Amino acid sequence: MKLLHSSLSKVRAAHCRAIKLAHITDTYIATPILNGYTKCREIGTALKMFDEIPHRDTASWNIMISGYVNSGRFLSAWVFLNLMKEDGFCLNEYTFGSILKGIASNGLLSLGQQVHCDVVKIGYVGNVYAASALLDMYAKCGKVDDANEVFQTMPERNYVSWNAIIAGYAGKGDIEYGFWLFRGMEQEGVQLDDGTFSPLLTLLNDDKFYKLTMQVHGKVEKLGLGCEVKVFNALITAYSQCGSIESAESVFDGTISCRDSVTWNSMLAAYLEHDKEKQAFELFLYMERLGLEMDSYTYTSIISGCFEVRHNSQGKCLHALVIKRGLENVTIISTVLISMYVKSCTNSMDDALTVFENLDAKDSVSWNSILTGLSQKGWSEIVFKKFTKMRVENLEMDEYSFSATLRSCSDLATLRFGQQVHAFALKLRSESYKYVSSALILMYSNCGIIEDAWKSFEVSPKESSISWNSIMFAYAQHGQGKLVLDLFFLMKQSEVKLDHITFVAVLTACSHTGLVEEGCRFFESMEADFGIVPRMEHYACAIDLLGRAGRLEEAKDLVKGMPFDPDAMVLRTLLGTCRSCGDIEYASEVASHLLELEPGEHSTYVLLSDMYRQFKKWDNIANIKRLMRERSVTKVPGWSWIEVQNEVHAFNAEDLSHPHCHEIYAKLRELTDEIMFSESENASRLTISTGDQESVV
């Protein structure tokens, strides 16, 4: 900032001197001053001076176009380009370089194609500067093949054109062609620089590329580019993504004298990618102690490391720091805070809502984050209100907005509202997205309309497993296990990649329809035949499968043979199996482990209490109630929902929160009285009928 202020002072001094000496009308003297103002981002002053130059030349026009582009005011640059042509000035390679840079930054392909026509028409196709800018524009607009066509027809290529085409293919993820170009660049003897290696290193994002990353690193060191900031930042990320956090640390440790904010952020992200939250927090605190300037990426990275329960306290501390620094209204930071509270296993949805409501500039990501969180936590009524608000305010909606809302419709089985969301998705042509079609399948299934679920599946994209898994869950829920197995084999035949959720659906179907042997075969063949290692949820499904068939001993053996400790989901499933099979002793043993894992989960206490009541173990019930009091655990009441005129009304036992609760309870008493009167009448008639029969006898 100081450097910019110093430069501006020098430009103003030169301007004053030119005015004093009456040289300001001289184009050759005025042009450098004009250039100085644009580089200092003083576009208003530059424009005023430009208007006062009596004899403008191509250079002065180019300076203004470049100034507008570099200031992020592309439309003004485009207007200047057209005025320049109207005034009869010739465009040159510098004109094309500046305007194409602006087009590339804004992704305006159609304007780029117009400029391409001018390049051809004026005869600058063979100019290396104009052609390099042209191929860079095509690459950044996603037309890499067009960029390559320009590249192949260039009579002369420099390092800029080579770097631009390599970056284009790197952005496309084409590692083979990207490195082929790199070898061609070496063979032609073109100078390699940081702009060559940085895009190539972004392609090295898997364990199998570790050796190649080391080779590139060796080449970088050999050429003396190891201290180039862009290169070692890319190396840290590449090593991390190739699975070697040690190599990433080694690069980071060797950059003490020339680190920038991206270097620190890259190392922070590397630690978090490798689940090394402790080292990430230590690095963040070290940055704090050094007084380094942190950007939004620093905060979003470190906050994303607090999604797990054990880091909730650090997450709240970071939230406090964000408020202290006055960053709570930075959209990207608030959005990740919302995600942190949503993903927390504690009851933090109120905190997520507070962050969301206090955010002034909400974007589609922040709206989707809160909708998804509310939906996942079961706050479906608020989801409907938020979605309705988005519609009323004409806010942008995408597949994530629709899928979260449809998931809530599915949870509450609100068919009418779900159909309206479906219609709106159709209107915006979003129903074909895989997440939306998946949510539609489950919504119609949960509302009991399996036919519409199948129709949604028929029109859904089927190249991934998402829609297939959803329709299999739908038919499993409706007790059509055989059909689920048919779909599984059809999915396999269609060469759709199976995933772990596919097997959860299949095992659930087998469990719900009594296909025990088939389910056991699927479970046993997961890793051997399909290369999918059983997860916790698969073991839970297999235990439920065996439990429903009364094969408790096999379920016990399965739990004992698990390669990892069972979590609460598995233990809860086993507890339900013990209850249904009447093994109260083993159930008590399982329950004790479960209560150690989740001492605050009310459902475990309720399940145990119900089981003891079934076997009339009144002392055990009393102990459970005492334990709940000691641990301040309360039974969460059940809720009922009803949809009336597009509004969802929720109720629980003895609820007085509804605005019409007095009228509702009055009607309930009236109905209860009618039922009681009807029952007494029926009893009287039964007595008379019995008396008549006895008289006849």
# chains A, B, ... in the order shown; residues from 1 in each chain; ligands from 1

call {"tool": "residues_around", "arguments": {"residues": "range 150-164 of chain A", "least_positions_apart": "4", "cutoff": "12 Å", "atoms": "only C-alpha atoms", "output": "PyMOL selection string"}}
result
chain A and resi 97+101+104+116+119-120+124-140+143-146+168-171+178-186+188-200

call {"tool": "residues_around", "arguments": {"residues": "Phe281 in chain A", "least_positions_apart": "2", "cutoff": "12 Å", "atoms": "only C-alpha atoms", "output": "PDB file with N, CA and C atoms, in the first residue's frame"}}
result
ATOM      1  N   MET A 267      -0.071 -25.444   3.726  1.00  0.00           N
ATOM      2  CA  MET A 267       0.365 -26.374   4.777  1.00  0.00           C
ATOM      3  C   MET A 267      -0.776 -26.660   5.749  1.00  0.00           C
ATOM      4  N   LEU A 268      -1.557 -25.644   6.043  1.00  0.00           N
ATOM      5  CA  LEU A 268      -2.725 -25.799   6.927  1.00  0.00           C
ATOM      6  C   LEU A 268      -3.708 -26.799   6.321  1.00  0.00           C
ATOM      7  N   ALA A 269      -3.986 -26.630   5.022  1.00  0.00           N
ATOM      8  CA  ALA A 269      -4.908 -27.531   4.321  1.00  0.00           C
ATOM      9  C   ALA A 269      -4.343 -28.951   4.266  1.00  0.00           C
ATOM     10  N   TYR A 271      -2.351 -30.458   6.488  1.00  0.00           N
ATOM     11  CA  TYR A 271      -2.552 -31.100   7.792  1.00  0.00           C
ATOM     12  C   TYR A 271      -4.001 -31.573   7.962  1.00  0.00           C
ATOM     13  N   LEU A 272      -4.936 -30.732   7.570  1.00  0.00           N
ATOM     14  CA  LEU A 272      -6.349 -31.078   7.729  1.00  0.00           C
ATOM     15  C   LEU A 272      -6.752 -32.217   6.801  1.00  0.00           C
ATOM     16  N   ASP A 275      -6.001 -35.427   8.414  1.00  0.00           N
ATOM     17  CA  ASP A 275      -6.620 -35.575   9.741  1.00  0.00           C
ATOM     18  C   ASP A 275      -5.642 -35.278  10.877  1.00  0.00           C
ATOM     19  N   LYS A 276      -4.727 -34.356  10.633  1.00  0.00           N
ATOM     20  CA  LYS A 276      -3.784 -33.948  11.676  1.00  0.00           C
ATOM     21  C   LYS A 276      -4.224 -32.584  12.220  1.00  0.00           C
ATOM     22  N   GLU A 277      -5.390 -32.609  12.894  1.00  0.00           N
ATOM     23  CA  GLU A 277      -5.968 -31.359  13.384  1.00  0.00           C
ATOM     24  C   GLU A 277      -5.067 -30.677  14.418  1.00  0.00           C
ATOM     25  N   LYS A 278      -4.394 -31.488  15.251  1.00  0.00           N
ATOM     26  CA  LYS A 278      -3.527 -30.919  16.289  1.00  0.00           C
ATOM     27  C   LYS A 278      -2.438 -30.056  15.665  1.00  0.00           C
ATOM     28  N   GLN A 279      -1.747 -30.599  14.632  1.00  0.00           N
ATOM     29  CA  GLN A 279      -0.685 -29.832  13.960  1.00  0.00           C
ATOM     30  C   GLN A 279      -1.252 -28.607  13.257  1.00  0.00           C
ATOM     31  N   LEU A 283      -0.125 -24.806  13.977  1.00  0.00           N
ATOM     32  CA  LEU A 283       0.344 -23.924  12.904  1.00  0.00           C
ATOM     33  C   LEU A 283      -0.455 -22.622  12.888  1.00  0.00           C
ATOM     34  N   PHE A 284      -1.756 -22.733  13.082  1.00  0.00           N
ATOM     35  CA  PHE A 284      -2.618 -21.544  13.108  1.00  0.00           C
ATOM     36  C   PHE A 284      -2.210 -20.625  14.256  1.00  0.00           C
ATOM     37  N   LEU A 285      -1.957 -21.198  15.444  1.00  0.00           N
ATOM     38  CA  LEU A 285      -1.553 -20.393  16.603  1.00  0.00           C
ATOM     39  C   LEU A 285      -0.184 -19.753  16.369  1.00  0.00           C
ATOM     40  N   TYR A 286       0.693 -20.474  15.662  1.00  0.00           N
ATOM     41  CA  TYR A 286       2.007 -19.921  15.322  1.00  0.00           C
ATOM     42  C   TYR A 286       1.850 -18.711  14.395  1.00  0.00           C
ATOM     43  N   MET A 287       0.923 -18.822  13.438  1.00  0.00           N
ATOM     44  CA  MET A 287       0.623 -17.691  12.551  1.00  0.00           C
ATOM     45  C   MET A 287       0.127 -16.495  13.358  1.00  0.00           C
ATOM     46  N   GLU A 288      -0.702 -16.788  14.368  1.00  0.00           N
ATOM     47  CA  GLU A 288      -1.224 -15.732  15.245  1.00  0.00           C
ATOM     48  C   GLU A 288      -0.076 -15.035  15.975  1.00  0.00           C
ATOM     49  N   THR A 298      -7.702 -18.940   5.179  1.00  0.00           N
ATOM     50  CA  THR A 298      -7.093 -19.406   6.432  1.00  0.00           C
ATOM     51  C   THR A 298      -8.179 -19.770   7.435  1.00  0.00           C
ATOM     52  N   TYR A 299      -9.149 -18.861   7.600  1.00  0.00           N
ATOM     53  CA  TYR A 299     -10.219 -19.098   8.578  1.00  0.00           C
ATOM     54  C   TYR A 299     -11.115 -20.268   8.166  1.00  0.00           C
ATOM     55  N   SER A 301     -10.358 -22.812   6.354  1.00  0.00           N
ATOM     56  CA  SER A 301      -9.619 -24.074   6.488  1.00  0.00           C
ATOM     57  C   SER A 301      -9.597 -24.547   7.931  1.00  0.00           C
ATOM     58  N   ILE A 302      -9.208 -23.660   8.841  1.00  0.00           N
ATOM     59  CA  ILE A 302      -9.064 -24.083  10.240  1.00  0.00           C
ATOM     60  C   ILE A 302     -10.422 -24.380  10.876  1.00  0.00           C
ATOM     61  N   ILE A 303     -11.447 -23.643  10.492  1.00  0.00           N
ATOM     62  CA  ILE A 303     -12.787 -23.921  11.031  1.00  0.00           C
ATOM     63  C   ILE A 303     -13.285 -25.267  10.527  1.00  0.00           C
ATOM     64  N   SER A 304     -12.952 -25.604   9.276  1.00  0.00           N
ATOM     65  CA  SER A 304     -13.378 -26.902   8.735  1.00  0.00           C
ATOM     66  C   SER A 304     -12.741 -28.072   9.488  1.00  0.00           C
ATOM     67  N   GLY A 305     -11.659 -27.805  10.229  1.00  0.00           N
ATOM     68  CA  GLY A 305     -11.045 -28.837  11.058  1.00  0.00           C
ATOM     69  C   GLY A 305     -11.765 -29.061  12.374  1.00  0.00           C
ATOM     70  N   CYS A 306     -12.828 -28.304  12.615  1.00  0.00           N
ATOM     71  CA  CYS A 306     -13.570 -28.399  13.889  1.00  0.00           C
ATOM     72  C   CYS A 306     -14.939 -29.054  13.716  1.00  0.00           C
ATOM     73  N   HIS A 311     -13.602 -31.428  18.671  1.00  0.00           N
ATOM     74  CA  HIS A 311     -13.032 -30.102  18.408  1.00  0.00           C
ATOM     75  C   HIS A 311     -14.085 -28.992  18.512  1.00  0.00           C
ATOM     76  N   GLN A 314     -12.811 -25.787  20.264  1.00  0.00           N
ATOM     77  CA  GLN A 314     -11.937 -24.971  19.403  1.00  0.00           C
ATOM     78  C   GLN A 314     -12.756 -24.222  18.356  1.00  0.00           C
ATOM     79  N   GLY A 315     -13.793 -24.885  17.850  1.00  0.00           N
ATOM     80  CA  GLY A 315     -14.662 -24.245  16.860  1.00  0.00           C
ATOM     81  C   GLY A 315     -15.325 -23.002  17.408  1.00  0.00           C
ATOM     82  N   CYS A 317     -14.208 -21.195  19.900  1.00  0.00           N
ATOM     83  CA  CYS A 317     -13.147 -20.188  20.091  1.00  0.00           C
ATOM     84  C   CYS A 317     -12.843 -19.464  18.776  1.00  0.00           C
ATOM     85  N   LEU A 318     -12.803 -20.231  17.689  1.00  0.00           N
ATOM     86  CA  LEU A 318     -12.551 -19.632  16.371  1.00  0.00           C
ATOM     87  C   LEU A 318     -13.703 -18.718  15.965  1.00  0.00           C
TER      88      LEU A 318
END

call {"tool": "atom_distance", "arguments": {"atom1": "CA of Glu357 in chain A", "atom2": "CA of Leu412 in chain A"}}
result
24.8 Å

call {"tool": "residues_around", "arguments": {"residues": "Ala542 in chain A", "least_positions_apart": "3", "cutoff": "8 Å", "atoms": "only C-alpha atoms", "output": "short mmCIF file (atom, residue, chain, number, x, y, z; two decimals) with all heavy atoms, in the first residue's frame"}}
result
data_model
loop_
_atom_site.label_atom_id
_atom_site.label_comp_id
_atom_site.auth_asym_id
_atom_site.auth_seq_id
_atom_site.Cartn_x
_atom_site.Cartn_y
_atom_site.Cartn_z
N LEU A 507 -28.80 -55.18 1.63
CA LEU A 507 -28.90 -55.86 2.93
C LEU A 507 -30.17 -55.47 3.67
O LEU A 507 -30.80 -56.30 4.33
CB LEU A 507 -27.66 -55.55 3.78
CG LEU A 507 -26.34 -56.15 3.28
CD1 LEU A 507 -25.17 -55.58 4.05
CD2 LEU A 507 -26.36 -57.67 3.38
N SER A 511 -33.14 -57.99 4.76
CA SER A 511 -33.57 -58.01 6.16
C SER A 511 -35.07 -57.83 6.28
O SER A 511 -35.74 -58.56 7.03
CB SER A 511 -32.83 -56.92 6.93
OG SER A 511 -33.25 -56.86 8.26
N GLY A 519 -29.02 -62.47 1.88
CA GLY A 519 -28.36 -61.35 2.55
C GLY A 519 -26.98 -61.73 3.07
O GLY A 519 -26.02 -60.97 2.92
N CYS A 520 -26.87 -62.92 3.67
CA CYS A 520 -25.57 -63.39 4.18
C CYS A 520 -24.56 -63.56 3.05
O CYS A 520 -23.38 -63.21 3.19
CB CYS A 520 -25.75 -64.71 4.93
SG CYS A 520 -26.62 -64.53 6.51
N PHE A 523 -23.33 -60.13 1.98
CA PHE A 523 -22.41 -59.57 2.97
C PHE A 523 -21.03 -60.20 2.85
O PHE A 523 -20.01 -59.51 2.88
CB PHE A 523 -22.98 -59.78 4.38
CG PHE A 523 -22.11 -59.21 5.46
CD1 PHE A 523 -22.09 -57.84 5.71
CD2 PHE A 523 -21.31 -60.03 6.23
CE1 PHE A 523 -21.28 -57.31 6.70
CE2 PHE A 523 -20.49 -59.51 7.23
CZ PHE A 523 -20.48 -58.14 7.46
N HIS A 538 -22.83 -51.72 7.35
CA HIS A 538 -23.08 -53.05 6.77
C HIS A 538 -23.19 -54.10 7.87
O HIS A 538 -24.04 -54.99 7.80
CB HIS A 538 -21.96 -53.42 5.79
CG HIS A 538 -21.82 -52.46 4.66
ND1 HIS A 538 -20.71 -51.67 4.50
CD2 HIS A 538 -22.66 -52.14 3.65
CE1 HIS A 538 -20.87 -50.91 3.42
NE2 HIS A 538 -22.04 -51.18 2.88
N TYR A 539 -22.33 -53.96 8.89
CA TYR A 539 -22.43 -54.88 10.03
C TYR A 539 -23.77 -54.71 10.75
O TYR A 539 -24.39 -55.69 11.18
CB TYR A 539 -21.27 -54.66 10.99
CG TYR A 539 -19.99 -55.33 10.53
CD1 TYR A 539 -19.02 -54.63 9.82
CD2 TYR A 539 -19.75 -56.68 10.80
CE1 TYR A 539 -17.85 -55.24 9.39
CE2 TYR A 539 -18.58 -57.30 10.37
CZ TYR A 539 -17.63 -56.58 9.67
OH TYR A 539 -16.49 -57.19 9.24
N LEU A 545 -30.42 -58.39 10.05
CA LEU A 545 -30.85 -59.51 9.21
C LEU A 545 -30.91 -60.81 10.02
O LEU A 545 -31.92 -61.53 9.99
CB LEU A 545 -29.87 -59.65 8.04
CG LEU A 545 -30.04 -60.83 7.09
CD1 LEU A 545 -31.20 -60.56 6.14
CD2 LEU A 545 -28.76 -61.05 6.28
N LEU A 546 -29.85 -61.08 10.77
CA LEU A 546 -29.81 -62.30 11.58
C LEU A 546 -30.78 -62.23 12.75
O LEU A 546 -31.41 -63.22 13.11
CB LEU A 546 -28.38 -62.52 12.09
CG LEU A 546 -27.32 -62.81 11.02
CD1 LEU A 546 -25.91 -62.72 11.60
CD2 LEU A 546 -27.54 -64.19 10.40
N ALA A 555 -25.40 -63.49 15.23
CA ALA A 555 -25.25 -62.03 15.33
C ALA A 555 -24.17 -61.67 16.34
O ALA A 555 -23.33 -60.78 16.10
CB ALA A 555 -26.58 -61.39 15.73
#

call {"tool": "residues_around", "arguments": {"residues": "Gly378 in chain A", "least_positions_apart": "4", "cutoff": "12 Å", "atoms": "only C-alpha atoms", "output": "ChimeraX atom specification"}}
result
/A:342,347,349,371-374,382-384,404-405,407-412,639

call {"tool": "residues_around", "arguments": {"residues": "Pro534 in chain A", "least_positions_apart": "4", "cutoff": "12 Å", "atoms": "only C-alpha atoms", "output": "PyMOL selection string"}}
result
chain A and resi 499-504+507+522-528+530+538-542+562-564

call {"tool": "write_last_selection", "arguments": {"atoms": "C-alpha atoms", "output": "PDB file, in the first residue's frame"}}
result
ATOM      1  CA  ASP A 499     -20.616 -48.432  -3.760  1.00  0.00           C
ATOM      2  CA  HIS A 500     -21.052 -49.118  -0.042  1.00  0.00           C
ATOM      3  CA  ILE A 501     -24.539 -47.540  -0.027  1.00  0.00           C
ATOM      4  CA  THR A 502     -25.658 -50.019  -2.713  1.00  0.00           C
ATOM      5  CA  PHE A 503     -24.941 -52.873  -0.316  1.00  0.00           C
ATOM      6  CA  VAL A 504     -26.692 -51.116   2.570  1.00  0.00           C
ATOM      7  CA  LEU A 507     -28.903 -55.863   2.927  1.00  0.00           C
ATOM      8  CA  PHE A 522     -24.138 -60.586  -0.283  1.00  0.00           C
ATOM      9  CA  PHE A 523     -22.410 -59.571   2.971  1.00  0.00           C
ATOM     10  CA  GLU A 524     -19.729 -62.241   2.609  1.00  0.00           C
ATOM     11  CA  SER A 525     -19.078 -61.414  -1.077  1.00  0.00           C
ATOM     12  CA  MET A 526     -18.742 -57.631  -0.667  1.00  0.00           C
ATOM     13  CA  GLU A 527     -14.964 -57.525  -0.341  1.00  0.00           C
ATOM     14  CA  ALA A 528     -14.106 -60.735  -2.213  1.00  0.00           C
ATOM     15  CA  PHE A 530     -16.768 -56.357  -5.392  1.00  0.00           C
ATOM     16  CA  HIS A 538     -23.078 -53.048   6.773  1.00  0.00           C
ATOM     17  CA  TYR A 539     -22.430 -54.884  10.029  1.00  0.00           C
ATOM     18  CA  ALA A 540     -25.505 -53.192  11.535  1.00  0.00           C
ATOM     19  CA  CYS A 541     -27.624 -54.404   8.578  1.00  0.00           C
ATOM     20  CA  ALA A 542     -26.221 -57.954   8.838  1.00  0.00           C
ATOM     21  CA  MET A 562     -15.610 -57.233  13.552  1.00  0.00           C
ATOM     22  CA  PRO A 563     -12.208 -55.766  12.560  1.00  0.00           C
ATOM     23  CA  PHE A 564     -13.010 -52.600  14.536  1.00  0.00           C
TER      24      PHE A 564
END

call {"tool": "residues_around", "arguments": {"residues": "Asp565 in chain A", "least_positions_apart": "2", "cutoff": "12 Å", "atoms": "only C-alpha atoms", "output": "JSON, numbers by chain"}}
result
{"A": [535, 536, 539, 558, 559, 560, 561, 562, 563, 567, 568, 569, 570, 571, 593, 594, 597]}

call {"tool": "atom_distance", "arguments": {"atom1": "CA of Leu359 in chain A", "atom2": "CA of Asn329 in chain A"}}
result
5.4 Å

call {"tool": "select_by_dssp", "arguments": {"residues": "range 288-374 of chain A", "states": "alpha helix (DSSP H)", "output": "PyMOL selection string"}}
result
chain A and resi 288-290+296-304+312-324+331-343+349-358+364-374

call {"tool": "atom_distance", "arguments": {"atom1": "CA of Ser465 in chain A", "atom2": "CA of Leu498 in chain A"}}
result
6.3 Å
